[in-house]
Each structure stands twice: as structure tokens, then as C-alpha cells.
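Below: target38.cif (mmCIF, C-alpha atoms)
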data_structure
#
loop_
_atom_site.label_atom_id
_atom_site.label_comp_id
_atom_site.auth_asym_id
_atom_site.auth_seq_id
_atom_site.Cartn_x
_atom_site.Cartn_y
_atom_site.Cartn_z
CA MET A 1 57.82 61.63 20.63
CA ALA A 2 57.42 65.00 22.34
CA LYS A 3 56.34 63.35 25.53
CA PHE A 4 59.24 60.95 25.24
CA LEU A 5 61.73 63.85 25.07
CA VAL A 6 60.25 65.68 28.03
CA ILE A 7 60.09 62.69 30.35
CA PHE A 8 63.33 61.05 29.22
CA CYS A 9 65.41 64.19 29.85
CA LEU A 10 63.96 64.62 33.31
CA PHE A 11 64.35 60.94 34.10
CA CYS A 12 68.02 60.90 33.12
CA SER A 13 68.86 63.90 35.29
CA LEU A 14 66.94 63.01 38.43
CA ALA A 15 66.44 59.26 38.69
CA LYS A 16 67.71 57.52 41.79
CA ALA A 17 69.00 60.75 43.34
CA ASP A 18 68.47 62.38 46.71
CA VAL A 19 68.16 66.09 47.21
CA VAL A 20 70.22 67.69 49.98
CA LYS A 21 67.97 69.85 52.11
CA PRO A 22 69.11 72.65 54.46
CA ALA A 23 69.61 71.69 58.09
CA LEU A 24 66.99 72.90 60.58
CA VAL A 25 68.64 74.22 63.76
CA GLU A 26 66.61 74.86 66.92
CA ILE A 27 68.03 76.41 70.10
CA SER A 28 65.96 76.15 73.29
CA ILE A 29 66.98 78.26 76.28
CA PHE A 30 65.83 76.63 79.53
CA PRO A 31 66.30 78.06 83.06
CA ASN A 32 69.24 75.77 83.83
CA HIS A 33 70.56 74.65 80.47
CA LEU A 34 70.56 75.21 76.73
CA GLN A 35 69.54 72.62 74.14
CA LEU A 36 70.60 72.56 70.50
CA GLN A 37 68.71 70.35 68.07
CA ILE A 38 69.83 69.84 64.47
CA GLN A 39 67.68 68.09 61.87
CA LEU A 40 69.80 67.13 58.89
CA SER A 41 70.85 64.53 56.35
CA LEU A 42 73.64 62.86 58.30
CA GLU A 43 74.83 60.86 55.30
CA ALA A 44 75.29 64.04 53.26
CA VAL A 45 77.32 65.69 56.01
CA MET A 46 79.50 62.61 56.57
CA SER A 47 80.24 62.27 52.85
CA GLY A 48 80.95 65.98 52.42
CA ILE A 49 77.94 66.76 50.24
CA GLY A 50 76.50 70.21 50.94
CA THR A 51 73.26 71.82 49.86
CA GLN A 52 74.96 73.25 46.77
CA TYR A 53 74.38 69.78 45.26
CA LYS A 54 70.66 69.61 44.52
CA ASN A 55 71.26 66.11 43.15
CA THR A 56 73.53 63.79 45.17
CA LYS A 57 74.55 61.98 41.98
CA ASN A 58 76.35 65.15 40.88
CA ALA A 59 78.54 65.23 44.00
CA PRO A 60 82.10 63.85 43.96
CA ASN A 61 81.36 61.57 46.92
CA ALA A 62 78.07 60.18 45.60
CA ALA A 63 79.21 56.56 46.05
CA GLU A 64 80.08 57.16 49.70
CA TYR A 65 76.70 58.81 50.25
CA ASP A 66 74.88 55.85 48.70
CA GLU A 67 76.81 53.45 50.92
CA LEU A 68 75.90 55.39 54.08
CA ARG A 69 72.29 55.77 52.92
CA ALA A 70 71.94 51.98 52.76
CA LEU A 71 73.21 51.38 56.31
CA PRO A 72 70.80 50.41 59.10
CA ALA A 73 70.25 53.20 61.64
CA ALA A 74 72.34 51.51 64.34
CA GLU A 75 75.35 51.08 62.04
CA LEU A 76 75.11 54.67 60.81
CA ARG A 77 75.07 55.80 64.45
CA ARG A 78 78.29 53.86 65.07
CA ARG A 79 79.91 55.43 62.01
CA PHE A 80 78.87 58.88 63.21
CA ALA A 81 80.51 58.29 66.60
CA LYS A 82 83.86 58.19 64.79
CA PHE A 83 83.00 61.22 62.67
CA GLU A 84 81.44 63.40 65.38
CA ALA A 85 84.64 65.23 66.34
CA ASP A 86 85.03 66.41 62.73
CA PHE A 87 81.36 67.37 62.62
CA LEU A 88 81.60 69.47 65.79
CA SER A 89 84.74 71.22 64.55
CA GLY A 90 82.57 72.86 61.91
CA LEU A 91 79.98 74.12 64.40
CA GLN A 92 80.22 77.04 66.80
CA LEU A 93 77.69 77.97 69.46
CA PHE A 94 78.36 81.14 71.44
CA ILE A 95 76.56 82.32 74.56
CA ASN A 96 77.33 85.88 75.56
CA ASP A 97 80.26 85.75 73.09
CA LYS A 98 81.75 82.68 74.80
CA ALA A 99 82.20 79.49 72.77
CA GLN A 100 80.31 76.53 74.20
CA LYS A 101 81.25 72.87 74.41
CA LEU A 102 78.46 70.74 72.94
CA VAL A 103 77.60 67.33 74.39
CA LEU A 104 75.51 64.88 72.40
CA ASN A 105 72.46 63.74 74.38
CA HIS A 106 70.57 61.84 71.72
CA ALA A 107 70.77 60.87 68.04
CA GLU A 108 67.50 59.91 66.39
CA ILE A 109 68.10 58.28 63.00
CA ASP A 110 65.28 57.04 60.77
CA ILE A 111 65.19 53.54 59.35
CA ILE A 112 66.48 53.05 55.81
CA GLY A 113 62.93 53.60 54.54
CA TYR A 114 62.23 55.46 51.32
CA LYS A 115 65.57 55.70 49.52
CA LYS A 116 64.58 58.46 47.10
CA ARG A 117 64.41 61.01 49.91
CA PRO A 118 67.25 61.82 52.30
CA ARG A 119 66.92 60.03 55.62
CA LYS A 120 66.15 62.37 58.50
CA THR A 121 68.45 62.51 61.50
CA ILE A 122 67.90 64.64 64.60
CA LEU A 123 70.94 65.35 66.79
CA THR A 124 70.24 66.79 70.24
CA TYR A 125 73.11 68.56 72.05
CA SER A 126 73.32 70.37 75.36
CA ALA A 127 75.63 73.22 76.36
CA GLU A 128 77.14 74.27 79.66
CA PRO A 129 74.63 75.72 82.18
CA ILE A 130 74.57 79.51 82.23
CA LYS A 131 72.44 81.82 84.36
CA SER A 132 71.58 84.52 81.85
CA VAL A 133 71.64 84.24 78.07
CA LYS A 134 71.79 87.68 76.50
CA ILE A 135 73.50 87.00 73.18
CA LEU A 136 73.36 83.88 71.03
CA GLY A 137 75.87 83.21 68.31
CA TRP A 138 75.77 80.37 65.80
CA GLN A 139 77.99 79.25 62.95
CA TYR A 140 77.33 76.33 60.62
CA HIS A 141 80.16 74.93 58.53
CA LYS A 142 80.24 76.32 54.99
CA ALA A 143 80.87 72.84 53.60
CA TYR A 144 77.50 71.68 54.95
CA GLY A 145 75.69 74.39 53.00
CA ASP A 146 72.50 76.22 53.90
CA SER A 147 70.65 76.02 57.21
CA ALA A 148 67.66 77.57 58.95
CA LEU A 149 67.83 78.73 62.57
CA ARG A 150 65.26 79.62 65.21
CA TYR A 151 65.31 79.83 69.00
CA GLN A 152 62.99 79.99 71.98
CA VAL A 153 63.23 81.14 75.58
CA PHE A 154 61.25 78.25 77.01
CA LYS A 155 58.10 78.96 79.02
CA LYS A 156 55.69 76.18 79.86
CA ASN A 157 52.49 76.10 77.78
CA GLU A 158 53.63 79.06 75.65
CA TYR A 159 54.76 79.17 72.03
CA ASN A 160 57.93 81.25 72.06
CA TRP A 161 59.73 80.23 68.91
CA SER A 162 61.27 83.03 66.88
CA GLU A 163 60.81 83.23 63.12
CA TRP A 164 63.13 81.07 61.04
CA ARG A 165 66.35 82.79 60.03
CA TRP A 166 67.87 81.44 56.81
CA LEU A 167 71.64 81.12 56.61
CA ASN A 168 73.39 80.32 53.35
CA GLY A 169 76.75 78.75 52.74
CA ALA A 170 78.39 82.10 51.97
CA ASN A 171 77.11 83.64 55.22
CA PRO A 172 76.53 80.82 57.74
CA ASN A 173 76.75 83.00 60.87
CA ALA A 174 74.00 84.37 63.09
CA LYS A 175 74.16 86.67 66.12
CA ILE A 176 71.00 87.23 68.13
CA VAL A 177 70.41 89.64 71.00
CA ILE A 178 67.93 87.86 73.26
CA ASP A 179 66.76 91.01 75.06
CA ASN A 180 65.79 92.52 71.72
CA PRO A 181 65.23 89.65 69.29
CA PRO A 182 64.78 90.63 65.64
CA GLN A 183 61.21 90.24 64.44
CA THR A 184 60.32 89.09 60.98
CA SER A 185 57.38 90.98 59.49
CA LYS A 186 54.32 89.03 58.45
CA ILE A 187 54.88 90.08 54.84
CA LYS A 188 58.48 88.86 54.91
CA GLY A 189 57.40 85.56 56.50
CA PHE A 190 54.66 85.21 53.89
CA LEU A 191 57.13 85.75 51.03
CA GLN A 192 59.57 83.35 52.71
CA PHE A 193 57.07 80.50 52.61
CA ILE A 194 56.20 81.25 48.99
CA SER A 195 59.88 80.58 48.26
CA ILE A 196 59.82 77.41 50.39
CA GLY A 197 56.74 76.13 48.56
CA PHE A 198 58.32 76.80 45.15
CA ASP A 199 61.60 75.12 46.14
CA HIS A 200 59.76 72.08 47.48
CA VAL A 201 58.53 71.38 43.95
CA MET A 202 61.38 72.87 41.92
CA PRO A 203 63.97 71.50 42.12
CA LEU A 204 63.47 69.40 45.27
CA GLY A 205 60.27 67.48 44.42
CA TRP A 206 60.99 65.60 41.22
CA ASP A 207 58.16 63.16 41.97
CA HIS A 208 55.73 66.11 41.96
CA ILE A 209 57.43 67.43 38.80
CA LEU A 210 56.91 64.11 36.96
CA PHE A 211 53.25 63.99 38.00
CA ILE A 212 52.62 67.56 36.82
CA ILE A 213 54.38 66.84 33.50
CA GLY A 214 52.20 63.76 33.03
CA MET A 215 49.15 65.86 33.82
CA ALA A 216 50.23 68.58 31.37
CA LEU A 217 50.73 65.99 28.63
CA SER A 218 47.27 64.53 29.16
CA SER A 219 45.73 67.12 26.90
CA ILE A 220 46.88 70.10 24.85
CA LEU A 221 43.38 71.62 24.81
CA TRP A 222 43.50 74.60 27.17
CA ARG A 223 40.02 73.96 28.58
CA HIS A 224 40.88 70.37 29.46
CA LEU A 225 44.27 71.41 30.85
CA LEU A 226 42.64 74.13 32.97
CA LEU A 227 40.20 71.55 34.36
CA LEU A 228 43.03 69.14 35.24
CA VAL A 229 45.15 71.84 36.87
CA SER A 230 42.14 73.12 38.85
CA SER A 231 41.32 69.60 40.04
CA PHE A 232 44.90 69.00 41.20
CA THR A 233 45.12 72.40 42.91
CA LEU A 234 41.79 72.01 44.72
CA ALA A 235 42.70 68.52 45.90
CA HIS A 236 46.19 69.18 47.25
CA THR A 237 45.04 72.45 48.87
CA LEU A 238 42.27 70.56 50.67
CA THR A 239 44.45 67.83 52.16
CA LEU A 240 47.33 70.23 52.85
CA GLY A 241 45.05 72.40 54.97
CA LEU A 242 43.37 69.48 56.74
CA ALA A 243 46.71 67.82 57.50
CA MET A 244 48.19 71.04 58.88
CA LEU A 245 45.14 71.42 61.15
CA GLY A 246 45.59 67.85 62.36
CA VAL A 247 42.24 66.71 60.95
CA VAL A 248 43.95 64.19 58.62
CA GLU A 249 47.03 62.24 59.68
CA VAL A 250 48.61 59.76 57.28
CA SER A 251 52.10 58.31 57.67
CA ALA A 252 54.71 59.33 55.09
CA ARG A 253 55.45 55.61 54.74
CA ILE A 254 52.02 55.33 53.09
CA VAL A 255 51.95 58.68 51.29
CA GLU A 256 55.33 58.40 49.54
CA PRO A 257 54.62 55.08 47.78
CA LEU A 258 51.23 56.44 46.68
CA ILE A 259 52.89 59.51 45.17
CA ALA A 260 55.24 57.20 43.26
CA PHE A 261 52.26 55.13 42.13
CA SER A 262 50.49 58.30 40.93
CA ILE A 263 53.31 58.98 38.47
CA ALA A 264 52.95 55.49 36.97
CA TYR A 265 49.17 55.62 36.84
CA VAL A 266 48.97 59.00 35.11
CA ALA A 267 51.38 57.65 32.47
CA PHE A 268 49.20 54.54 32.13
CA GLU A 269 46.11 56.73 31.80
CA ASN A 270 47.76 58.62 28.93
CA LEU A 271 48.38 55.31 27.11
CA LEU A 272 44.71 54.33 27.06
CA PRO A 273 43.18 54.48 23.55
CA LYS A 274 39.92 56.05 24.72
CA GLN A 275 40.63 59.31 26.53
CA SER A 276 38.01 60.70 28.91
CA ILE A 277 38.57 64.14 30.44
CA ARG A 278 36.10 63.32 33.23
CA ARG A 279 38.03 60.19 34.17
CA LYS A 280 41.32 62.04 33.97
CA SER A 281 40.00 64.86 36.15
CA LEU A 282 38.85 62.36 38.77
CA VAL A 283 42.22 60.57 38.70
CA VAL A 284 44.12 63.85 39.02
CA PHE A 285 41.87 64.96 41.88
CA LEU A 286 42.34 61.71 43.82
CA PHE A 287 46.11 61.77 43.42
CA GLY A 288 46.11 65.49 44.19
CA LEU A 289 44.76 64.57 47.64
CA VAL A 290 47.80 62.32 48.11
CA HIS A 291 50.27 64.97 46.92
CA GLY A 292 48.74 67.44 49.38
CA LEU A 293 49.60 65.06 52.21
CA GLY A 294 53.16 64.92 50.84
CA PHE A 295 53.38 68.73 50.94
CA ALA A 296 52.04 68.74 54.51
CA SER A 297 54.63 66.26 55.79
CA MET A 298 57.37 68.69 54.73
CA LEU A 299 55.64 71.84 55.97
CA LYS A 300 54.99 70.32 59.39
CA THR A 301 58.72 70.23 60.11
CA PHE A 302 58.59 74.01 60.52
CA GLN A 303 56.02 73.88 63.39
CA MET A 304 54.29 77.16 62.65
CA PRO A 305 52.87 79.32 65.45
CA PRO A 306 49.04 79.42 65.55
CA ASN A 307 48.85 83.13 64.70
CA SER A 308 50.68 82.65 61.39
CA PHE A 309 49.06 79.39 60.31
CA LEU A 310 46.85 80.85 57.59
CA SER A 311 49.45 83.17 56.05
CA THR A 312 52.08 80.40 56.09
CA LEU A 313 49.71 77.89 54.52
CA ILE A 314 48.62 80.33 51.80
CA GLY A 315 52.20 81.42 51.11
CA PHE A 316 53.44 77.84 50.80
CA ASN A 317 50.54 76.93 48.54
CA ILE A 318 51.15 79.93 46.28
CA GLY A 319 54.76 78.81 45.93
CA VAL A 320 53.62 75.33 44.93
CA GLU A 321 51.21 76.79 42.36
CA LEU A 322 53.88 79.05 40.87
CA ALA A 323 56.18 76.04 40.44
CA GLN A 324 53.31 74.12 38.86
CA ILE A 325 52.69 76.95 36.39
CA VAL A 326 56.39 77.09 35.46
CA ILE A 327 56.46 73.32 34.78
CA ILE A 328 53.29 73.37 32.66
CA PHE A 329 54.47 76.44 30.77
CA ALA A 330 57.83 74.74 30.05
CA VAL A 331 56.06 71.63 28.71
CA LEU A 332 53.78 73.72 26.48
CA MET A 333 56.73 75.77 25.19
CA LEU A 334 58.60 72.58 24.29
CA LEU A 335 55.57 71.22 22.45
CA PHE A 336 55.20 74.54 20.67
CA LEU A 337 58.86 74.45 19.65
CA LEU A 338 58.46 70.94 18.27
CA HIS A 339 55.42 72.15 16.34
CA ILE A 340 57.46 75.01 14.83
CA LEU A 341 60.08 72.45 13.79
CA GLY A 342 57.36 70.55 11.96
CA LEU A 343 57.05 67.76 14.52
CA ASN A 344 53.35 67.66 15.24
CA GLN A 345 53.08 65.85 18.57
CA ARG A 346 49.50 64.79 17.82
CA LYS A 347 50.75 62.65 14.95
CA LEU A 348 53.93 61.34 16.55
CA PRO A 349 53.98 58.22 18.73
CA HIS A 350 54.15 59.14 22.41
CA ALA A 351 54.08 55.66 23.91
CA PRO A 352 57.86 55.49 24.64
CA GLY A 353 57.66 58.54 26.90
CA GLU A 354 54.67 57.22 28.77
CA ILE A 355 56.30 53.82 29.18
CA ILE A 356 59.38 55.46 30.68
CA ALA A 357 57.18 57.43 33.09
CA LEU A 358 55.26 54.27 33.89
CA SER A 359 58.51 52.42 34.62
CA VAL A 360 59.90 55.27 36.72
CA GLY A 361 56.72 55.37 38.77
CA PHE A 362 56.67 51.65 39.50
CA ILE A 363 60.41 51.51 40.23
CA ASP A 364 59.95 54.46 42.56
CA PHE A 365 56.93 52.75 44.12
CA HIS A 366 59.03 49.66 44.79
CA ARG A 367 61.81 51.73 46.34
CA ALA A 368 59.28 53.74 48.38
CA ARG A 369 58.17 50.71 50.38
CA PRO A 370 59.57 50.96 53.91
CA ILE A 371 62.66 48.87 54.60
CA SER A 372 63.44 48.14 58.24
#

Could you rewrite the structure in this file as C-alpha cells?
Amino acid sequence: MAKFLVIFCLFCSLAKADVVKPALVEISIFPNHLQLQIQLSLEAVMSGIGTQYKNTKNAPNAAEYDELRALPAAELRRRFAKFEADFLSGLQLFINDKAQKLVLNHAEIDIIGYKKRPRKTILTYSAEPIKSVKILGWQYHKAYGDSALRYQVFKKNEYNWSEWRWLNGANPNAKIVIDNPPQTSKIKGFLQFISIGFDHVMPLGWDHILFIIGMALSSILWRHLLLLVSSFTLAHTLTLGLAMLGVVEVSARIVEPLIAFSIAYVAFENLLPKQSIRRKSLVVFLFGLVHGLGFASMLKTFQMPPNSFLSTLIGFNIGVELAQIVIIFAVLMLLFLLHILGLNQRKLPHAPGEIIALSVGFIDFHRARPIS
């Protein structure tokens, strides 16, 4: 019963929903031109859903978002052509305090793919040629929500990207002096990626949340729980590091369905009459390897400089672990509360909760299969 309450509440609030992630904005200053690249959820922007909606189902235009999300890439590109003027009216790029006219060079839109996650679109714009860029100004429309900005003065075979600058909906503007670019300290960058790692699990990674809940419900004995948590942590840290180093490369089109399957299998494992902590630890470790690849696919979008690789990786992983601790603590507190109320979860049937988790996992697995 306790497990049923935990999983059912989470399922009702998060099922079939996309999260709206901040846009990633990159400005490259070349000798003869300037390039602006925006990675975003195009469907969210076109339907007026900003990052303030962590769950697209809670947005007023959720139906419009779902319609756009189901369109083939070519059709969505045609729809955007009609919307682009409105989109650009909410953007402002200034060079030396002069507003620039942006021209779309390329729009890269993913296939329909995995419908639980927002589809990635990369819009590449160019600005008027200018001899010397001394001041950059950028403004992202408040309605679109949060964004992250970085820039580079391009030099061949050199990594010149600045640190990411986070812009929220209340303060979407940035002004950068190129001759004296602001530097982010290593400590600040480290803390920044702790926050990114935490957010990637809570509230953005509900598939990871469901897996961790299933793991936490596998055993209420602290020694067994510590073993399971350690197995999961070791596994996802291993593949996260290897993937970031380029040693392991697995397509998200394979990883995402496996993550969905892991939710279903952990629920199935909890339904088995004969419980084995060794078997559970092995299962958690194997699926932890998969979840680590899922973490890496997100972290790679930030393209970290070589000199900050280790601190970024550690910071992100700490954030993930803190989120994991919060989830496990919340589950244990709920079980403790039920115990105080006289509902001993050891004696109550827990099959309904596991069946829901099992169903969610397999439904998610079905939806995770790539659709061309």
C-alpha cells in the first residue's frame, strides 16, 4: 500500500509529460561574420510554453504543444517558417550597442523520436558582417523562460568558449565586453554544475526518479539500501565518466528505451516472492550503467573545456547524488509516517504500486522506441 501511494502520486503528476528545458545560446565571432546558434524546444516556443512550466501538461497550451510534438520534422519546419517573424521579435542581438538583423542559415530538427523528452531543435543564424566586435548584447524573450549563454572569439584549433552565463525569465539580458570578458571562477563553475546535476534528476528526470523510488522500496533495511545505493552510484559514475571521455559511445535512441525498461524491471523484481539482495544489487548496478549514459548525453550538450572536465564531472555527479538522497529520504519519511499512522508497510499489500510502476515502465519503453 505504501509503495502504491508513492508511485501512484508520482505517476499521476508526471506521466506523459515533457519538461521544458532552458535554451542554450552560443555566439561565435568569426573574422568576417558572427554566428548565433540556439538549441531549444521549438514546440514549446511555438505554443507559448516557457521554462516556468516544468510539466507541459500544466501549461494552458498543452494540446497545441502535443500536436506540434507529433509532427514530422519537415512539417514542423514549415510551421516554424510562418512563426519565425514572431520568434525573432522576442530576440535581440546587439553588436557594439547596435541591433543586428538575424538571418536563418539552418534549422536542424530531430525526428519525432522519444516522445517523453522534448525534441531538440538547433537554429543557426548569422548577423551582418562587422570588423571589430567590442560589446555583445543579448536579450531572450521573457515568455520563453530561462536560457544559458556563452560566446567564443573563434581561433582555429583553440578552445575559446566562455563559461556559461545563466539568464532567467526575470532578467533575460546579457551585456558582454569582449576586450575584458567576465571570468567565472572554478568554484562558481563547480557549484553551477552541482545545481545542473540536481535539476537533471529533480524535477527534470522523472524516469530517474521512478527508478530511484523503486530502488528505495526494494528494502527498508539500511544495510541493504546502502548496498543498492552504492551499486547504483558506482555504476552511473563509471559510465558517465567513460562517456564524457569518449571511451563509451551509445546512441540516446538505445539508452532512453533501456532507462524506461529499467523502471519496469525494478518493479518486477520487487514483485518476486523470493527476494535476493545480491540479485537486486546486480540488477541495480547494470541499470546504473545505463542511467550513467543517460546523464552523459545531457552533460555533453555543454561541451566542457578540457581544463575543467574533472571539476565539471564531479560537480554534476554530486548534484545527481544529492537529488538521489532527497528522493530516498522522502520515500523513507513517507514510510515512517505510514508506520506512525499504524499502517505497517511490511504487512500491507504492495503489489498495486509495483504493477503501476511496471506498467509505466513498459508504456514508457514503448514510447521510447524511435519513430521516424

Which polymer residues have any atom within 9 Å of an atom of Val284 of chain A, counting only C-alpha atoms, with same-chain residues fewer than 4 positions away left out, as a PyMOL selection string? chain A and resi 215+228-229+231-232+235+262+266+279-280+288-289

Could the residues of segment 105-154 of chain A that have an atom at most 8 Å from segment 33-51 of chain A be listed as CSV, each with its closest atom pair and the distance in Å to one decimal, counting all atoms listed in the file and ordered by chain and ascending residue number?
residue,atom,partner,partner_atom,distance
A:Pro118,CA,A:Ser41,CA,6.1
A:Arg119,CA,A:Ser41,CA,6.0
A:Lys120,CA,A:Ser41,CA,5.6
A:Thr121,CA,A:Leu40,CA,5.5
A:Ile122,CA,A:Gln39,CA,4.4
A:Leu123,CA,A:Ile38,CA,5.2
A:Thr124,CA,A:Gln37,CA,4.4
A:Tyr125,CA,A:Leu36,CA,5.0
A:Ser126,CA,A:Gln35,CA,4.6
A:Ala127,CA,A:Leu34,CA,5.5
A:Glu128,CA,A:His33,CA,6.6
A:Pro129,CA,A:His33,CA,4.5
A:Ile130,CA,A:His33,CA,6.5
A:Ala143,CA,A:Gly50,CA,5.8
A:Tyr144,CA,A:Gly50,CA,4.4
A:Gly145,CA,A:Thr51,CA,4.7
A:Asp146,CA,A:Thr51,CA,6.0

File dump, residues just selected, C-alpha atoms, as an mmCIF file, in the coordinates of the input:
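For reference, again21.cif as written:
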data_model
loop_
_atom_site.group_PDB
_atom_site.id
_atom_site.type_symbol
_atom_site.label_atom_id
_atom_site.label_comp_id
_atom_site.auth_asym_id
_atom_site.auth_seq_id
_atom_site.Cartn_x
_atom_site.Cartn_y
_atom_site.Cartn_z
ATOM 1 C CA PRO A 118 67.250 61.820 52.300
ATOM 2 C CA ARG A 119 66.920 60.030 55.620
ATOM 3 C CA LYS A 120 66.150 62.370 58.500
ATOM 4 C CA THR A 121 68.450 62.510 61.500
ATOM 5 C CA ILE A 122 67.900 64.640 64.600
ATOM 6 C CA LEU A 123 70.940 65.350 66.790
ATOM 7 C CA THR A 124 70.240 66.790 70.240
ATOM 8 C CA TYR A 125 73.110 68.560 72.050
ATOM 9 C CA SER A 126 73.320 70.370 75.360
ATOM 10 C CA ALA A 127 75.630 73.220 76.360
ATOM 11 C CA GLU A 128 77.140 74.270 79.660
ATOM 12 C CA PRO A 129 74.630 75.720 82.180
ATOM 13 C CA ILE A 130 74.570 79.510 82.230
ATOM 14 C CA ALA A 143 80.870 72.840 53.600
ATOM 15 C CA TYR A 144 77.500 71.680 54.950
ATOM 16 C CA GLY A 145 75.690 74.390 53.000
ATOM 17 C CA ASP A 146 72.500 76.220 53.900
#

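For the pair atom CA of Leu167 of chain A and atom CA of Gln139 of chain A, the separation is 9.2 Å.
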
Need to verify the contact set: Phe295 of chain A, 10 Å, all atoms listed in the file, exclusion of same-chain residues closer than 3 positions in sequence. Can you return it as a tab-separated table (two decimals) with C-alpha atoms, in the frame of the given file?
chain	number	residue	atom	x	y	z
A	197	GLY	CA	56.74	76.13	48.56
A	200	HIS	CA	59.76	72.08	47.48
A	201	VAL	CA	58.53	71.38	43.95
A	205	GLY	CA	60.27	67.48	44.42
A	208	HIS	CA	55.73	66.11	41.96
A	236	HIS	CA	46.19	69.18	47.25
A	237	THR	CA	45.04	72.45	48.87
A	239	THR	CA	44.45	67.83	52.16
A	240	LEU	CA	47.33	70.23	52.85
A	241	GLY	CA	45.05	72.40	54.97
A	243	ALA	CA	46.71	67.82	57.50
A	244	MET	CA	48.19	71.04	58.88
A	290	VAL	CA	47.80	62.32	48.11
A	291	HIS	CA	50.27	64.97	46.92
A	292	GLY	CA	48.74	67.44	49.38
A	298	MET	CA	57.37	68.69	54.73
A	299	LEU	CA	55.64	71.84	55.97
A	300	LYS	CA	54.99	70.32	59.39
A	316	PHE	CA	53.44	77.84	50.80
A	317	ASN	CA	50.54	76.93	48.54
A	320	VAL	CA	53.62	75.33	44.93

Distance of atom CA of Lys131 of chain A from atom CA of Ile176 of chain A, expressed in Å to one decimal place: 17.2 Å

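Using only C-alpha atoms, the contacts of Trp161 of chain A at a cut-off of 8 Å, with sequence neighbours closer than 4 positions omitted, comprise Arg150, Tyr151, Gln152, Val153 and Pro305 of chain A.
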
Which residue out of A:Lys21, A:Lys188, A:Lys98, A:His106 has the minimum interatomic distance to Ala148 of chain A when all atoms listed in the file are used? A:Lys21

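For the pair atom CA of Leu310 of chain A and atom CA of Leu245 of chain A, the separation is 10.2 Å.
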
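Checking A:Phe30, A:Phe261, A:Phe211, A:Phe309 one by one against Ser132 of chain A, counting all atoms listed in the file, you find the shortest gap at A:Phe30.
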
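Evaluated against this file, the PyMOL selection byres ((chain A and resi 328) around 9) yields Ile212, Ile213, Met215, Ala216, Leu217, Ala323, Gln324, Ile325, Val326, Ile327, Phe329, Ala330, Val331, Leu332 and Met333 of chain A.
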
Which is closest to Asn173 of chain A among A:Phe87, A:Phe198, A:Tyr140, A:Phe193, if we use all atoms listed in the file? A:Tyr140

With only C-alpha atoms as the atoms that count, which of A:Ile112, A:Leu88, A:Leu191, A:Leu93 lies nearest to Leu68 of chain A? A:Ile112

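You can rank A:Arg223, A:Lys101, A:Lys175, A:Arg117 by their closest distance to Asp66 of chain A using all atoms listed in the file, and at the top of that list sits A:Arg117.
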
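Within the 8 Å cut-off around Phe154 of chain A, using only C-alpha atoms and omitting residues fewer than 6 positions from it on the same chain, the listed residues are Ser28, Ile29, Phe30, Pro31 and Asn160 of chain A.
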
Quick one: write out the picked residues with C-alpha atoms as an mmCIF file, in the coordinates of the input?
data_model
loop_
_atom_site.group_PDB
_atom_site.id
_atom_site.type_symbol
_atom_site.label_atom_id
_atom_site.label_comp_id
_atom_site.auth_asym_id
_atom_site.auth_seq_id
_atom_site.Cartn_x
_atom_site.Cartn_y
_atom_site.Cartn_z
ATOM 1 C CA SER A 28 65.960 76.150 73.290
ATOM 2 C CA ILE A 29 66.980 78.260 76.280
ATOM 3 C CA PHE A 30 65.830 76.630 79.530
ATOM 4 C CA PRO A 31 66.300 78.060 83.060
ATOM 5 C CA ASN A 160 57.930 81.250 72.060
#
